[in-house]
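Everything below belongs to data23.txt, which stores compact mmCIF, C-alpha atoms and all ligand atoms.
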# COMPACT_ATOMS: atom_id res chain seq x y z
CA MET A 1 87.13 -68.16 -84.25
CA ASN A 2 86.83 -64.44 -83.62
CA GLN A 3 87.42 -62.34 -86.72
CA ILE A 4 89.91 -59.53 -86.37
CA LEU A 5 89.27 -58.29 -89.92
CA ARG A 6 86.30 -58.45 -92.26
CA VAL A 7 86.70 -57.10 -95.79
CA LYS A 8 83.32 -56.89 -97.50
CA GLY A 9 83.03 -56.09 -101.19
CA ILE A 10 85.92 -53.63 -101.31
CA SER A 11 86.62 -52.11 -104.72
CA LYS A 12 89.04 -49.45 -105.89
CA SER A 13 89.89 -47.79 -109.20
CA PHE A 14 92.58 -45.39 -110.27
CA GLY A 15 91.07 -43.40 -113.12
CA THR A 16 89.61 -45.91 -115.54
CA GLN A 17 91.72 -48.78 -114.20
CA GLN A 18 89.89 -51.01 -111.73
CA VAL A 19 92.59 -52.27 -109.38
CA LEU A 20 90.42 -54.08 -106.82
CA ARG A 21 87.24 -55.83 -108.02
CA PRO A 22 84.79 -56.34 -105.20
CA ILE A 23 86.89 -58.35 -102.76
CA SER A 24 85.72 -60.10 -99.59
CA PHE A 25 87.58 -62.17 -97.02
CA GLU A 26 88.06 -62.50 -93.27
CA VAL A 27 91.05 -62.90 -90.98
CA GLY A 28 90.77 -64.71 -87.66
CA GLU A 29 92.60 -63.74 -84.46
CA GLY A 30 96.24 -64.73 -84.69
CA GLU A 31 95.82 -65.98 -88.24
CA ARG A 32 98.56 -65.39 -90.81
CA ILE A 33 97.38 -64.80 -94.35
CA CYS A 34 99.80 -64.31 -97.22
CA ILE A 35 98.59 -62.35 -100.22
CA LEU A 36 100.39 -63.84 -103.18
CA GLY A 37 100.30 -62.46 -106.70
CA PRO A 38 102.32 -60.92 -109.49
CA SER A 39 103.50 -57.33 -109.62
CA GLY A 40 100.66 -54.90 -110.33
CA CYS A 41 97.78 -57.18 -109.27
CA GLY A 42 96.68 -54.85 -106.46
CA LYS A 43 98.43 -56.29 -103.38
CA SER A 44 99.77 -52.99 -102.04
CA THR A 45 96.52 -51.21 -102.82
CA LEU A 46 94.58 -53.79 -100.82
CA LEU A 47 96.92 -53.43 -97.84
CA GLN A 48 96.74 -49.64 -97.98
CA VAL A 49 92.97 -49.68 -97.98
CA VAL A 50 92.98 -52.02 -94.96
CA ALA A 51 95.46 -49.74 -93.18
CA GLY A 52 93.39 -46.65 -93.99
CA LEU A 53 96.19 -45.08 -96.04
CA ALA A 54 93.89 -45.17 -99.09
CA ARG A 55 90.10 -45.03 -99.34
CA ALA A 56 88.01 -47.71 -101.04
CA ASP A 57 85.47 -46.67 -103.68
CA ALA A 58 82.88 -49.05 -102.27
CA GLY A 59 82.53 -51.79 -99.70
CA GLU A 60 83.10 -52.04 -96.00
CA ILE A 61 85.90 -52.95 -93.61
CA GLU A 62 85.37 -54.12 -90.05
CA MET A 63 88.06 -54.55 -87.41
CA ARG A 64 87.13 -56.41 -84.23
CA GLY A 65 83.49 -55.79 -85.04
CA VAL A 66 83.93 -52.04 -85.56
CA THR A 67 83.36 -50.49 -88.99
CA VAL A 68 86.48 -48.55 -89.93
CA GLU A 69 85.55 -47.90 -93.56
CA GLY A 70 82.19 -47.93 -95.28
CA GLY A 71 79.71 -45.38 -96.51
CA ARG A 72 80.76 -42.10 -94.99
CA ARG A 73 82.57 -43.73 -92.13
CA TYR A 74 86.36 -43.57 -92.19
CA ILE A 75 88.65 -44.18 -89.22
CA PRO A 76 92.22 -42.93 -89.81
CA PRO A 77 95.19 -45.33 -89.66
CA GLU A 78 96.41 -44.30 -86.19
CA ASN A 79 93.02 -45.15 -84.71
CA ARG A 80 92.84 -48.60 -86.29
CA PRO A 81 94.25 -51.61 -84.41
CA VAL A 82 96.77 -52.15 -87.20
CA ASN A 83 100.31 -51.22 -88.09
CA MET A 84 102.33 -51.68 -91.23
CA VAL A 85 105.82 -52.73 -92.35
CA PHE A 86 106.93 -51.43 -95.74
CA GLN A 87 109.11 -52.90 -98.47
CA ASP A 88 111.48 -49.93 -98.43
CA TYR A 89 111.47 -49.79 -94.58
CA ALA A 90 110.25 -46.15 -94.64
CA LEU A 91 112.11 -45.28 -91.43
CA TRP A 92 112.41 -41.62 -90.50
CA PRO A 93 115.95 -40.83 -91.70
CA HIS A 94 116.56 -38.03 -89.18
CA MET A 95 115.48 -40.08 -86.17
CA THR A 96 117.51 -42.66 -84.28
CA VAL A 97 116.35 -46.25 -84.05
CA ARG A 98 114.95 -45.56 -80.59
CA GLN A 99 113.06 -42.48 -81.81
CA ASN A 100 111.70 -44.39 -84.79
CA ILE A 101 110.36 -47.13 -82.54
CA GLU A 102 108.96 -44.67 -80.00
CA TYR A 103 107.23 -42.47 -82.57
CA GLY A 104 103.99 -44.45 -82.91
CA MET A 105 103.84 -45.10 -79.17
CA LYS A 106 104.15 -41.37 -78.44
CA ARG A 107 101.39 -40.57 -80.94
CA ARG A 108 99.21 -43.00 -79.04
CA LYS A 109 100.24 -41.40 -75.74
CA THR A 110 101.85 -44.53 -74.30
CA GLU A 111 103.33 -43.99 -70.82
CA ARG A 112 107.13 -43.68 -70.55
CA GLY A 113 107.45 -46.79 -68.36
CA GLU A 114 105.37 -48.87 -70.75
CA MET A 115 107.39 -47.54 -73.72
CA GLU A 116 110.62 -48.64 -72.03
CA ARG A 117 109.19 -52.08 -71.31
CA ARG A 118 108.16 -52.55 -74.95
CA LEU A 119 111.47 -51.20 -76.25
CA LYS A 120 113.37 -53.72 -74.11
CA SER A 121 111.33 -56.67 -75.26
CA LEU A 122 111.46 -55.62 -78.95
CA GLN A 123 115.20 -55.06 -78.65
CA SER A 124 115.72 -58.68 -77.71
CA LEU A 125 113.02 -60.08 -80.02
CA LEU A 126 114.51 -58.32 -83.06
CA LYS A 127 118.18 -58.38 -82.04
CA LEU A 128 118.60 -54.62 -81.88
CA ASP A 129 121.24 -54.59 -79.14
CA GLY A 130 123.64 -51.70 -79.56
CA LEU A 131 121.64 -50.15 -82.41
CA LEU A 132 119.17 -47.92 -80.57
CA ASP A 133 121.20 -44.72 -80.89
CA ARG A 134 122.08 -45.15 -84.56
CA LEU A 135 120.45 -43.43 -87.51
CA PRO A 136 118.86 -45.62 -90.22
CA ALA A 137 121.67 -44.75 -92.65
CA GLN A 138 124.11 -46.42 -90.24
CA LEU A 139 122.30 -49.77 -90.48
CA SER A 140 122.33 -52.61 -93.01
CA GLY A 141 119.14 -53.39 -94.97
CA GLY A 142 118.37 -56.35 -92.73
CA GLN A 143 118.84 -54.24 -89.60
CA GLN A 144 116.65 -51.47 -91.04
CA GLN A 145 113.86 -53.93 -91.67
CA ARG A 146 114.17 -55.30 -88.11
CA VAL A 147 113.65 -51.73 -86.91
CA GLY A 148 110.66 -51.37 -89.26
CA ILE A 149 109.13 -54.49 -87.71
CA ALA A 150 109.92 -53.34 -84.16
CA ARG A 151 108.34 -49.97 -84.90
CA ALA A 152 105.18 -51.64 -86.17
CA LEU A 153 104.95 -54.06 -83.23
CA ALA A 154 105.61 -51.30 -80.67
CA THR A 155 102.03 -50.05 -80.94
CA GLU A 156 100.79 -53.57 -80.13
CA PRO A 157 98.55 -53.87 -83.19
CA LYS A 158 95.97 -56.67 -83.35
CA LEU A 159 96.73 -56.97 -87.06
CA LEU A 160 100.16 -56.57 -88.62
CA LEU A 161 100.32 -55.58 -92.28
CA MET A 162 103.54 -56.42 -94.11
CA ASP A 163 104.13 -55.32 -97.71
CA GLU A 164 106.93 -57.43 -99.22
CA PRO A 165 109.07 -56.80 -96.12
CA LEU A 166 111.98 -58.96 -97.27
CA SER A 167 112.10 -58.25 -100.99
CA ASN A 168 114.81 -55.59 -100.76
CA LEU A 169 117.19 -57.95 -98.95
CA ASP A 170 119.72 -60.22 -100.60
CA ILE A 171 118.72 -63.83 -101.09
CA LYS A 172 120.67 -65.32 -98.17
CA LEU A 173 119.35 -62.80 -95.66
CA ARG A 174 115.85 -63.13 -97.10
CA THR A 175 115.88 -66.89 -96.54
CA ASP A 176 117.19 -66.51 -92.98
CA MET A 177 114.70 -63.79 -92.07
CA ARG A 178 111.81 -65.70 -93.63
CA GLY A 179 112.22 -68.53 -91.13
CA GLU A 180 112.85 -66.13 -88.28
CA LEU A 181 109.75 -64.11 -89.10
CA ALA A 182 107.58 -67.21 -89.32
CA ARG A 183 108.79 -68.25 -85.85
CA MET A 184 108.34 -64.81 -84.40
CA LEU A 185 104.83 -64.31 -85.78
CA GLY A 186 103.90 -67.75 -84.46
CA GLU A 187 105.21 -66.92 -80.99
CA LEU A 188 103.49 -63.55 -80.87
CA SER A 189 100.34 -65.13 -82.38
CA ILE A 190 99.52 -61.83 -84.00
CA ALA A 191 97.15 -61.76 -86.98
CA THR A 192 99.09 -60.88 -90.10
CA LEU A 193 98.37 -59.91 -93.70
CA TYR A 194 101.65 -60.54 -95.46
CA VAL A 195 102.08 -59.47 -99.07
CA THR A 196 104.62 -61.28 -101.20
CA HIS A 197 105.26 -62.41 -104.73
CA ASP A 198 107.52 -65.19 -103.42
CA ARG A 199 105.80 -68.58 -103.19
CA MET A 200 108.34 -69.98 -100.71
CA GLU A 201 107.79 -67.05 -98.40
CA ALA A 202 104.04 -67.64 -98.52
CA PHE A 203 104.50 -71.35 -97.82
CA THR A 204 106.77 -70.69 -94.83
CA ILE A 205 104.65 -68.02 -93.22
CA ALA A 206 100.99 -68.57 -94.12
CA ASP A 207 98.15 -70.37 -92.38
CA ARG A 208 96.17 -69.50 -95.51
CA ILE A 209 97.27 -68.10 -98.84
CA LEU A 210 95.15 -65.59 -100.74
CA VAL A 211 95.99 -65.64 -104.44
CA LEU A 212 95.25 -62.27 -105.98
CA ARG A 213 95.08 -61.81 -109.74
CA ASP A 214 93.89 -58.69 -111.52
CA GLY A 215 92.29 -57.44 -108.33
CA ARG A 216 90.31 -60.64 -107.77
CA ILE A 217 90.74 -63.54 -105.35
CA ASP A 218 91.58 -66.63 -107.39
CA GLN A 219 91.79 -68.88 -104.34
CA LEU A 220 92.00 -68.56 -100.56
CA GLY A 221 93.02 -71.58 -98.55
CA PRO A 222 95.75 -73.39 -96.64
CA PRO A 223 99.00 -73.93 -98.58
CA GLU A 224 98.39 -77.68 -98.92
CA GLU A 225 94.96 -77.05 -100.44
CA LEU A 226 96.38 -74.70 -103.08
CA PHE A 227 99.01 -77.27 -103.81
CA ASP A 228 96.72 -80.33 -103.93
CA ARG A 229 93.63 -78.69 -105.43
CA PRO A 230 94.54 -75.50 -107.28
CA ALA A 231 91.32 -73.69 -108.23
CA SER A 232 92.63 -72.41 -111.55
CA PRO A 233 95.43 -73.02 -114.03
CA TRP A 234 96.94 -69.80 -112.76
CA VAL A 235 97.13 -71.06 -109.16
CA ALA A 236 98.56 -74.35 -110.44
CA GLN A 237 101.26 -72.42 -112.26
CA LEU A 238 101.99 -70.38 -109.13
CA MET A 239 102.34 -73.60 -107.14
CA GLY A 240 105.02 -74.69 -109.55
CA TYR A 241 103.12 -77.09 -111.80
CA HIS A 242 104.25 -76.91 -115.38
CA ASN A 243 102.26 -77.96 -118.37
P1 LIG A 301 101.17 -54.69 -106.43
O1 LIG A 301 101.44 -54.23 -105.05
O2 LIG A 301 100.43 -56.00 -106.49
O3 LIG A 301 102.39 -54.73 -107.29
P2 LIG A 301 99.69 -52.19 -106.65
O4 LIG A 301 98.56 -52.34 -105.69
O5 LIG A 301 100.84 -51.37 -106.21
O6 LIG A 301 100.16 -53.64 -107.12
O7 LIG A 301 99.16 -51.57 -107.99
C1 LIG A 301 98.09 -52.12 -108.72
C2 LIG A 301 97.84 -51.27 -109.94
O8 LIG A 301 97.36 -49.99 -109.57
C3 LIG A 301 99.07 -51.02 -110.79
O9 LIG A 301 98.69 -51.03 -112.16
C4 LIG A 301 99.50 -49.63 -110.36
O10 LIG A 301 100.17 -48.98 -111.41
C5 LIG A 301 98.19 -48.96 -110.05
N1 LIG A 301 98.32 -47.95 -109.00
C6 LIG A 301 98.71 -48.18 -107.73
N2 LIG A 301 98.70 -47.03 -107.00
C7 LIG A 301 98.30 -46.05 -107.84
C8 LIG A 301 98.09 -44.64 -107.70
N3 LIG A 301 98.27 -44.01 -106.53
N4 LIG A 301 97.67 -43.96 -108.79
C9 LIG A 301 97.45 -44.59 -109.97
N5 LIG A 301 97.63 -45.91 -110.17
C10 LIG A 301 98.06 -46.64 -109.13
MG MG A 302 103.24 -53.74 -104.12

Re-express the file's structure as structure tokens.
Ligand code: ADP
Ligand code: MG
Amino acid sequence: MNQILRVKGISKSFGTQQVLRPISFEVGEGERICILGPSGCGKSTLLQVVAGLARADAGEIEMRGVTVEGGRRYIPPENRPVNMVFQDYALWPHMTVRQNIEYGMKRRKTERGEMERRLKSLQSLLKLDGLLDRLPAQLSGGQQQRVGIARALATEPKLLLMDEPLSNLDIKLRTDMRGELARMLGELSIATLYVTHDRMEAFTIADRILVLRDGRIDQLGPPEELFDRPASPWVAQLMGYHN
């Protein structure tokens, strides 16, 4: 399998606190990896370093064989084949839905005709009919997150980064969107790093689950493997075993 992402020995500290111990893993084309772990274990930091929104202290990141971080080399987010969906949606409040979705495409100098084609297909994929001229404040949380996902997909990233995209939604909507997202990501067959602290979300979406604890990988494997052969008492507990 071709690797879309290689993370090699990435570490990161804030002051004296080491948030990412040297971490290494790879993501194959079209593969969906869920990063599962408790609050504060370094999930968002890891995603931000992959996106290029934060620098690593040491280590190297390769995307499609190109080094985007390592030594003195640093490729900014807009020049990486990635895009990100945030927990709090992070839509531009003064821009309409259409403008939000077009923003990243314009920065990448996408042609008008191509932009329209992508807008149309995202509109139907994410059920945005009738919403394009609204402002984010005129949308529900679920609708805002659909726009956040459309905006990220509009730049046609090879790797989609999602940081707890459903955790601000109420439980019913979260459960509905979880299944919908799993289907959509499968159809698009886009490689995904999906951060969550919700085990069910990870089980629904992941090809492989990466369990992060204190900035270290406890286990990385398919859901059934974590369930059948947890590598540590911590993973066992996460999988719902009680002792
Ligand atoms: P998670 O997403 O798993 O909840 P984070 O990656 O956001 O965890 O944070 C990991 C740790 O790093 C936390 O202790 C957090 O307080 C700390 N941290 C995150 N970002 C910063 C920052 N910009 N400055 C200082 N500390 C930070
Ligand atoms: Mg976080």

Using all atoms listed in the file, what table do you get, as a Markdown table, when you list each residue of stretch 6-97 of chain A with an atom no more than 7 Å from stretch 146-149 of chain A, its nearest pair of atoms, and their distance in Å rounded to one decimal, rows by chain then rising number?
| residue | atom | partner | partner_atom | distance |
| --- | --- | --- | --- | --- |
| A:Val85 | CA | A:Gly148 | CA | 5.9 |
| A:Tyr89 | CA | A:Gly148 | CA | 5.6 |
| A:Leu91 | CA | A:Gly148 | CA | 6.6 |
| A:Val97 | CA | A:Val147 | CA | 6.7 |

Around (113.2, -43.0, -87.0), as given in the file, which residues come within 12 Å? Count only C-alpha atoms and list them as a VMD selection string. chain A and resid 89 to 104 131 to 139 144 to 145 147 to 148 150 to 152

Please extract the residues at most 7 Å from ligand MG 302 (chain A), counting only C-alpha atoms and all ligand atoms, and provide them as number ranges by chain, using the chain letters and residue numbers of this document. A: 39-40, 43-44, 163

Expressed in Å to a single decimal, how great is the separation between atom CA of A:Val7 and atom CA of A:Asp228?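 Atom-to-atom, atom CA of A:Val7 to atom CA of A:Asp228, that is 26.6 Å.
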
Distance query stretch 178-180 of chain A at most 8 Å, all atoms listed in the file, self and fewer than 4 positions along chain excluded, as a list in words: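 Final neighbour list, sorted by chain and number: Leu166, Arg174, Met184, Glu201, Thr204 and Ile205 of chain A.
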
At most 10 Å from ligand LIG 301 (chain A) (only C-alpha atoms and all ligand atoms): residue list as a VMD selection string: chain A and resid 12 to 20 35 to 49 54 163 to 164 195 to 197 212 to 215

Stretch 26-28 of chain A: which residues within 8 Å, counting all atoms listed in the file, same-chain residues fewer than 4 positions away excluded, as a list in words?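 These residues fall inside the cut-off: Met1, Asn2, Gln3, Ile4, Leu5, Arg6, Val7, Arg32, Ile33 and Ala191 of chain A.
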
May I ask for the distance between atom CA of A:Tyr194 and atom CA of A:Pro157, given in Å to one decimal place?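 Between atom CA of A:Tyr194 and atom CA of A:Pro157 the gap works out to 14.3 Å.
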
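Here atom CA of A:Arg55 is placed at a distance of 13.3 Å from atom CA of A:Gly9.
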
With all atoms listed in the file as the counted atoms, please give the residues lying no more than 12 Å from A:Gly52, apart from itself and same-chain residues fewer than 2 positions off, as a VMD selection string. chain A and resid 45 to 50 54 to 56 60 to 63 67 to 70 73 to 84 161

For the residues in the current selection, export C-alpha atoms as a compact mmCIF listing (two decimals), in the frame of the given file.
# COMPACT_ATOMS: atom_id res chain seq x y z
CA THR A 45 96.52 -51.21 -102.82
CA LEU A 46 94.58 -53.79 -100.82
CA LEU A 47 96.92 -53.43 -97.84
CA GLN A 48 96.74 -49.64 -97.98
CA VAL A 49 92.97 -49.68 -97.98
CA VAL A 50 92.98 -52.02 -94.96
CA ALA A 54 93.89 -45.17 -99.09
CA ARG A 55 90.10 -45.03 -99.34
CA ALA A 56 88.01 -47.71 -101.04
CA GLU A 60 83.10 -52.04 -96.00
CA ILE A 61 85.90 -52.95 -93.61
CA GLU A 62 85.37 -54.12 -90.05
CA MET A 63 88.06 -54.55 -87.41
CA THR A 67 83.36 -50.49 -88.99
CA VAL A 68 86.48 -48.55 -89.93
CA GLU A 69 85.55 -47.90 -93.56
CA GLY A 70 82.19 -47.93 -95.28
CA ARG A 73 82.57 -43.73 -92.13
CA TYR A 74 86.36 -43.57 -92.19
CA ILE A 75 88.65 -44.18 -89.22
CA PRO A 76 92.22 -42.93 -89.81
CA PRO A 77 95.19 -45.33 -89.66
CA GLU A 78 96.41 -44.30 -86.19
CA ASN A 79 93.02 -45.15 -84.71
CA ARG A 80 92.84 -48.60 -86.29
CA PRO A 81 94.25 -51.61 -84.41
CA VAL A 82 96.77 -52.15 -87.20
CA ASN A 83 100.31 -51.22 -88.09
CA MET A 84 102.33 -51.68 -91.23
CA LEU A 161 100.32 -55.58 -92.28

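Candidate residues A:Thr192, A:Thr155, A:Ser232, A:Thr175 were compared for distance to A:Glu111, and the nearest is A:Thr155, using only C-alpha atoms.
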
Taking only C-alpha atoms into account, which of A:Glu31, A:Ile190, A:Ala51, A:Asp176 comes nearest A:Ile209?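 Among the listed residues, A:Glu31 lies closest to A:Ile209.
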
A:Cys34, A:Ile10, A:Leu169, A:Ala154: which is nearest A:Gln87, counting all atoms listed in the file?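 Of all the options, A:Leu169 lies closest to A:Gln87.
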
Nearest residue to A:Leu128 out of A:Gly59, A:Pro223, A:Gly142, A:Pro22, using all atoms listed in the file? A:Gly142

Could you check the closest approach to A:Gly240 for each of A:Arg199, A:Phe25, A:Pro165, A:Val211 and tell me which residue wins, using only C-alpha atoms?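 For A:Gly240, the nearest of the candidates is A:Arg199.
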
Take stretch 189-204 of chain A, model N, CA and C atoms, and hand the result over as a PDB file, in the coordinates of the input.
ATOM      1  N   SER A 189     101.697 -64.804 -81.888  1.00  0.00           N
ATOM      2  CA  SER A 189     100.340 -65.130 -82.380  1.00  0.00           C
ATOM      3  C   SER A 189      99.550 -63.860 -82.689  1.00  0.00           C
ATOM      4  N   ILE A 190     100.170 -63.056 -83.555  1.00  0.00           N
ATOM      5  CA  ILE A 190      99.520 -61.830 -84.000  1.00  0.00           C
ATOM      6  C   ILE A 190      98.979 -62.044 -85.411  1.00  0.00           C
ATOM      7  N   ALA A 191      97.739 -61.621 -85.638  1.00  0.00           N
ATOM      8  CA  ALA A 191      97.150 -61.760 -86.980  1.00  0.00           C
ATOM      9  C   ALA A 191      97.959 -60.941 -87.964  1.00  0.00           C
ATOM     10  N   THR A 192      98.200 -61.516 -89.142  1.00  0.00           N
ATOM     11  CA  THR A 192      99.090 -60.880 -90.100  1.00  0.00           C
ATOM     12  C   THR A 192      98.542 -60.995 -91.520  1.00  0.00           C
ATOM     13  N   LEU A 193      98.598 -59.888 -92.243  1.00  0.00           N
ATOM     14  CA  LEU A 193      98.370 -59.910 -93.700  1.00  0.00           C
ATOM     15  C   LEU A 193      99.727 -59.623 -94.315  1.00  0.00           C
ATOM     16  N   TYR A 194     100.267 -60.606 -94.998  1.00  0.00           N
ATOM     17  CA  TYR A 194     101.650 -60.540 -95.460  1.00  0.00           C
ATOM     18  C   TYR A 194     101.666 -60.612 -96.975  1.00  0.00           C
ATOM     19  N   VAL A 195     102.054 -59.527 -97.614  1.00  0.00           N
ATOM     20  CA  VAL A 195     102.080 -59.470 -99.070  1.00  0.00           C
ATOM     21  C   VAL A 195     103.423 -59.950 -99.599  1.00  0.00           C
ATOM     22  N   THR A 196     103.382 -60.823-100.588  1.00  0.00           N
ATOM     23  CA  THR A 196     104.620 -61.280-101.200  1.00  0.00           C
ATOM     24  C   THR A 196     104.368 -61.733-102.632  1.00  0.00           C
ATOM     25  N   HIS A 197     105.419 -61.736-103.452  1.00  0.00           N
ATOM     26  CA  HIS A 197     105.260 -62.410-104.730  1.00  0.00           C
ATOM     27  C   HIS A 197     106.125 -63.666-104.765  1.00  0.00           C
ATOM     28  N   ASP A 198     106.613 -64.058-103.554  1.00  0.00           N
ATOM     29  CA  ASP A 198     107.520 -65.190-103.420  1.00  0.00           C
ATOM     30  C   ASP A 198     106.753 -66.370-102.809  1.00  0.00           C
ATOM     31  N   ARG A 199     106.579 -67.414-103.612  1.00  0.00           N
ATOM     32  CA  ARG A 199     105.800 -68.580-103.190  1.00  0.00           C
ATOM     33  C   ARG A 199     106.383 -69.231-101.935  1.00  0.00           C
ATOM     34  N   MET A 200     107.712 -69.332-101.863  1.00  0.00           N
ATOM     35  CA  MET A 200     108.340 -69.980-100.710  1.00  0.00           C
ATOM     36  C   MET A 200     108.062 -69.203 -99.431  1.00  0.00           C
ATOM     37  N   GLU A 201     108.081 -67.877 -99.559  1.00  0.00           N
ATOM     38  CA  GLU A 201     107.790 -67.050 -98.400  1.00  0.00           C
ATOM     39  C   GLU A 201     106.364 -67.333 -97.918  1.00  0.00           C
ATOM     40  N   ALA A 202     105.441 -67.385 -98.877  1.00  0.00           N
ATOM     41  CA  ALA A 202     104.040 -67.640 -98.520  1.00  0.00           C
ATOM     42  C   ALA A 202     103.905 -69.004 -97.848  1.00  0.00           C
ATOM     43  N   PHE A 203     104.586 -70.008 -98.385  1.00  0.00           N
ATOM     44  CA  PHE A 203     104.500 -71.350 -97.820  1.00  0.00           C
ATOM     45  C   PHE A 203     105.074 -71.419 -96.408  1.00  0.00           C
ATOM     46  N   THR A 204     106.136 -70.664 -96.153  1.00  0.00           N
ATOM     47  CA  THR A 204     106.770 -70.690 -94.830  1.00  0.00           C
ATOM     48  C   THR A 204     105.923 -69.978 -93.787  1.00  0.00           C
TER      49      THR A 204
END
